[in-house]
Amino acid sequence: MDVLDAIRARRSVRRYKPTPIPEEALARILDAVRLAPSAKNLQPWRFILVRDPALRARVAVACVNQTFMAEAPVIIAACGLPEQAYGRMGRCMNSWPVDVTIAFEHLVLQAQVEGLGTCWIGAFYEEEVKALLGVPAEARVLALTPLGYPAESPAARPRKPLAEIVSKDRF
């Protein structure tokens, strides 16, 4: 499967089988995260693997009660470290949200290659998630995803045509 195949095949999965994830597959997914680019190569991130079933259930509740997340054998929280990131991206902002997003997308695409499903979770109560996972005050939670074998095959969602999203030479 090449990159474009993985992008085309990826779906947001909301039903998971309880099948354990092989450690070799998980290692390849985490290596994809490790290899992600970041501003000035600072790698201002930390990824937390949540395997404990009771903790997964509590994290799912802190994610606006998205209880389907706890069905997956793993939940991954993507955290940024603003104090370790490049502080002047575009000369106007801290790079951590972009850096962590790139690494998280590497995770999502490698999971697809491994035959695993994900669902980018952006709806959560950050302070609750931080408390549950022991995330320090100076770190930020950007997103979470369940990770597991899909128990469903969602259909592709429509995408805008290129003419609506791409400009040439000017906006």
# chains A, B, ... in the order shown; residues from 1 in each chain; ligands from 1
call {"tool": "closest_atom_pairs", "arguments": {"of": "region 54-80 of chain A", "to": "region 143-166 of chain A", "cutoff": "8 Å", "atoms": "only C-alpha atoms", "output": "tab-separated table"}}
result
residue	atom	partner	partner_atom	distance
A:Met69	CA	A:Pro146	CA	5.2
A:Ala70	CA	A:Pro146	CA	7.3
A:Ala72	CA	A:Gly148	CA	5.0
A:Pro73	CA	A:Gly148	CA	5.9
A:Val74	CA	A:Leu147	CA	5.2
A:Ile75	CA	A:Pro146	CA	4.2
A:Ile76	CA	A:Thr145	CA	5.3
A:Ala77	CA	A:Leu144	CA	4.3
A:Ala78	CA	A:Ala143	CA	5.4
A:Cys79	CA	A:Ala143	CA	7.4
call {"tool": "write_last_selection", "arguments": {"atoms": "N, CA, C and O atoms", "output": "PDB file, in the first residue's frame"}}
result
ATOM      1  N   MET A  69     -14.794   4.677  22.123  1.00  0.00           N
ATOM      2  CA  MET A  69     -13.329   4.691  22.186  1.00  0.00           C
ATOM      3  C   MET A  69     -12.790   3.549  23.042  1.00  0.00           C
ATOM      4  O   MET A  69     -11.748   2.967  22.738  1.00  0.00           O
ATOM      5  N   ALA A  70     -13.498   3.235  24.120  1.00  0.00           N
ATOM      6  CA  ALA A  70     -13.026   2.221  25.069  1.00  0.00           C
ATOM      7  C   ALA A  70     -13.116   0.808  24.505  1.00  0.00           C
ATOM      8  O   ALA A  70     -12.535  -0.118  25.067  1.00  0.00           O
ATOM      9  N   ALA A  72     -11.759  -0.125  21.711  1.00  0.00           N
ATOM     10  CA  ALA A  72     -10.453  -0.408  21.108  1.00  0.00           C
ATOM     11  C   ALA A  72      -9.482  -0.861  22.191  1.00  0.00           C
ATOM     12  O   ALA A  72      -9.564  -0.409  23.337  1.00  0.00           O
ATOM     13  N   PRO A  73      -8.537  -1.727  21.859  1.00  0.00           N
ATOM     14  CA  PRO A  73      -7.582  -2.186  22.869  1.00  0.00           C
ATOM     15  C   PRO A  73      -6.588  -1.126  23.324  1.00  0.00           C
ATOM     16  O   PRO A  73      -5.951  -1.277  24.362  1.00  0.00           O
ATOM     17  N   VAL A  74      -6.473  -0.041  22.555  1.00  0.00           N
ATOM     18  CA  VAL A  74      -5.552   1.042  22.903  1.00  0.00           C
ATOM     19  C   VAL A  74      -6.212   2.378  22.582  1.00  0.00           C
ATOM     20  O   VAL A  74      -6.913   2.503  21.574  1.00  0.00           O
ATOM     21  N   ILE A  75      -5.999   3.361  23.438  1.00  0.00           N
ATOM     22  CA  ILE A  75      -6.298   4.759  23.127  1.00  0.00           C
ATOM     23  C   ILE A  75      -4.960   5.485  23.186  1.00  0.00           C
ATOM     24  O   ILE A  75      -4.165   5.239  24.091  1.00  0.00           O
ATOM     25  N   ILE A  76      -4.724   6.340  22.217  1.00  0.00           N
ATOM     26  CA  ILE A  76      -3.481   7.111  22.208  1.00  0.00           C
ATOM     27  C   ILE A  76      -3.823   8.587  22.348  1.00  0.00           C
ATOM     28  O   ILE A  76      -4.667   9.113  21.629  1.00  0.00           O
ATOM     29  N   ALA A  77      -3.151   9.236  23.289  1.00  0.00           N
ATOM     30  CA  ALA A  77      -3.288  10.683  23.488  1.00  0.00           C
ATOM     31  C   ALA A  77      -2.030  11.348  22.951  1.00  0.00           C
ATOM     32  O   ALA A  77      -0.910  10.950  23.303  1.00  0.00           O
ATOM     33  N   ALA A  78      -2.224  12.349  22.110  1.00  0.00           N
ATOM     34  CA  ALA A  78      -1.115  13.109  21.527  1.00  0.00           C
ATOM     35  C   ALA A  78      -0.978  14.419  22.293  1.00  0.00           C
ATOM     36  O   ALA A  78      -1.897  15.230  22.315  1.00  0.00           O
ATOM     37  N   CYS A  79       0.185  14.598  22.921  1.00  0.00           N
ATOM     38  CA  CYS A  79       0.416  15.780  23.746  1.00  0.00           C
ATOM     39  C   CYS A  79       1.547  16.622  23.176  1.00  0.00           C
ATOM     40  O   CYS A  79       2.523  16.089  22.638  1.00  0.00           O
TER      41      CYS A  79
END
call {"tool": "closest_residue", "arguments": {"among": "A:Arg51, A:Lys17, A:Arg46, A:Arg91", "to": "Glu71 (chain A)", "atoms": "only C-alpha atoms"}}
result
A:Lys17
call {"tool": "residues_around", "arguments": {"residues": "Ala32 (chain A)", "least_positions_apart": "4", "cutoff": "10 Å", "atoms": "only C-alpha atoms", "output": "ChimeraX atom specification"}}
result
/A:26-28,36,103-111
call {"tool": "write_last_selection", "arguments": {"atoms": "C-alpha atoms", "output": "compact mmCIF listing (two decimals), in the first residue's frame"}}
result
# COMPACT_ATOMS: atom_id res chain seq x y z
CA LEU A 26 2.38 -1.03 17.40
CA ALA A 27 6.15 -0.53 17.18
CA ARG A 28 5.90 0.42 13.48
CA ALA A 36 7.67 12.87 11.82
CA ALA A 103 3.20 13.28 14.03
CA PHE A 104 -0.39 12.27 14.81
CA GLU A 105 -1.22 12.01 11.11
CA HIS A 106 1.85 9.79 10.63
CA LEU A 107 0.34 7.55 13.35
CA VAL A 108 -3.06 7.50 11.63
CA LEU A 109 -1.62 6.62 8.23
CA GLN A 110 0.69 3.88 9.53
CA ALA A 111 -2.24 2.44 11.49
call {"tool": "select_by_dssp", "arguments": {"residues": "region 2-169 of chain A", "states": "strand (DSSP E or B)", "output": "PyMOL selection string"}}
result
chain A and resi 12+16+45-50+74-80+89+93+117-118+121+140-148+150
call {"tool": "write_last_selection", "arguments": {"atoms": "C-alpha atoms", "output": "compact mmCIF listing (two decimals), in the first residue's frame"}}
result
# COMPACT_ATOMS: atom_id res chain seq x y z
CA SER A 12 -12.94 7.36 11.08
CA TYR A 16 -13.68 -1.91 17.26
CA TRP A 45 5.55 15.84 21.74
CA ARG A 46 4.69 12.96 23.99
CA PHE A 47 2.30 10.15 23.05
CA ILE A 48 0.52 8.21 25.78
CA LEU A 49 -0.69 4.65 25.14
CA VAL A 50 -3.68 3.78 27.30
CA VAL A 74 -5.55 1.04 22.90
CA ILE A 75 -6.30 4.76 23.13
CA ILE A 76 -3.48 7.11 22.21
CA ALA A 77 -3.29 10.68 23.49
CA ALA A 78 -1.12 13.11 21.53
CA CYS A 79 0.42 15.78 23.75
CA GLY A 80 2.41 18.86 22.88
CA MET A 89 6.62 29.71 13.51
CA MET A 93 2.95 31.41 16.81
CA GLY A 117 -8.63 1.76 12.59
CA THR A 118 -8.45 5.18 14.21
CA ILE A 121 -10.87 12.76 18.62
CA ARG A 140 -1.17 20.27 26.19
CA VAL A 141 -3.41 17.52 24.86
CA LEU A 142 -4.03 18.04 21.15
CA ALA A 143 -6.01 14.95 20.14
CA LEU A 144 -6.73 11.34 21.00
CA THR A 145 -7.55 8.27 18.98
CA PRO A 146 -8.77 4.79 19.68
CA LEU A 147 -6.56 2.22 17.94
CA GLY A 148 -7.74 -1.24 17.03
CA PRO A 150 -12.28 -2.11 12.85
call {"tool": "residues_around", "arguments": {"residues": "Ala131 (chain A)", "least_positions_apart": "5", "cutoff": "12 Å", "atoms": "only C-alpha atoms", "output": "VMD selection string"}}
result
chain A and resid 55 58 to 59 62 125 to 126 136 to 137 139 to 141
call {"tool": "residues_around", "arguments": {"residues": "Gln43 (chain A)", "least_positions_apart": "4", "cutoff": "8 Å", "atoms": "only C-alpha atoms", "output": "PyMOL selection string"}}
result
chain A and resi 37-39+84-85+99
call {"tool": "select_by_dssp", "arguments": {"residues": "chain A", "states": "helix (DSSP H, G or I)", "output": "NGL selection string"}}
result
:A and (3-9 or 23-34 or 39-41 or 53-62 or 67-71 or 82-84 or 96-113 or 126-133 or 162-165)
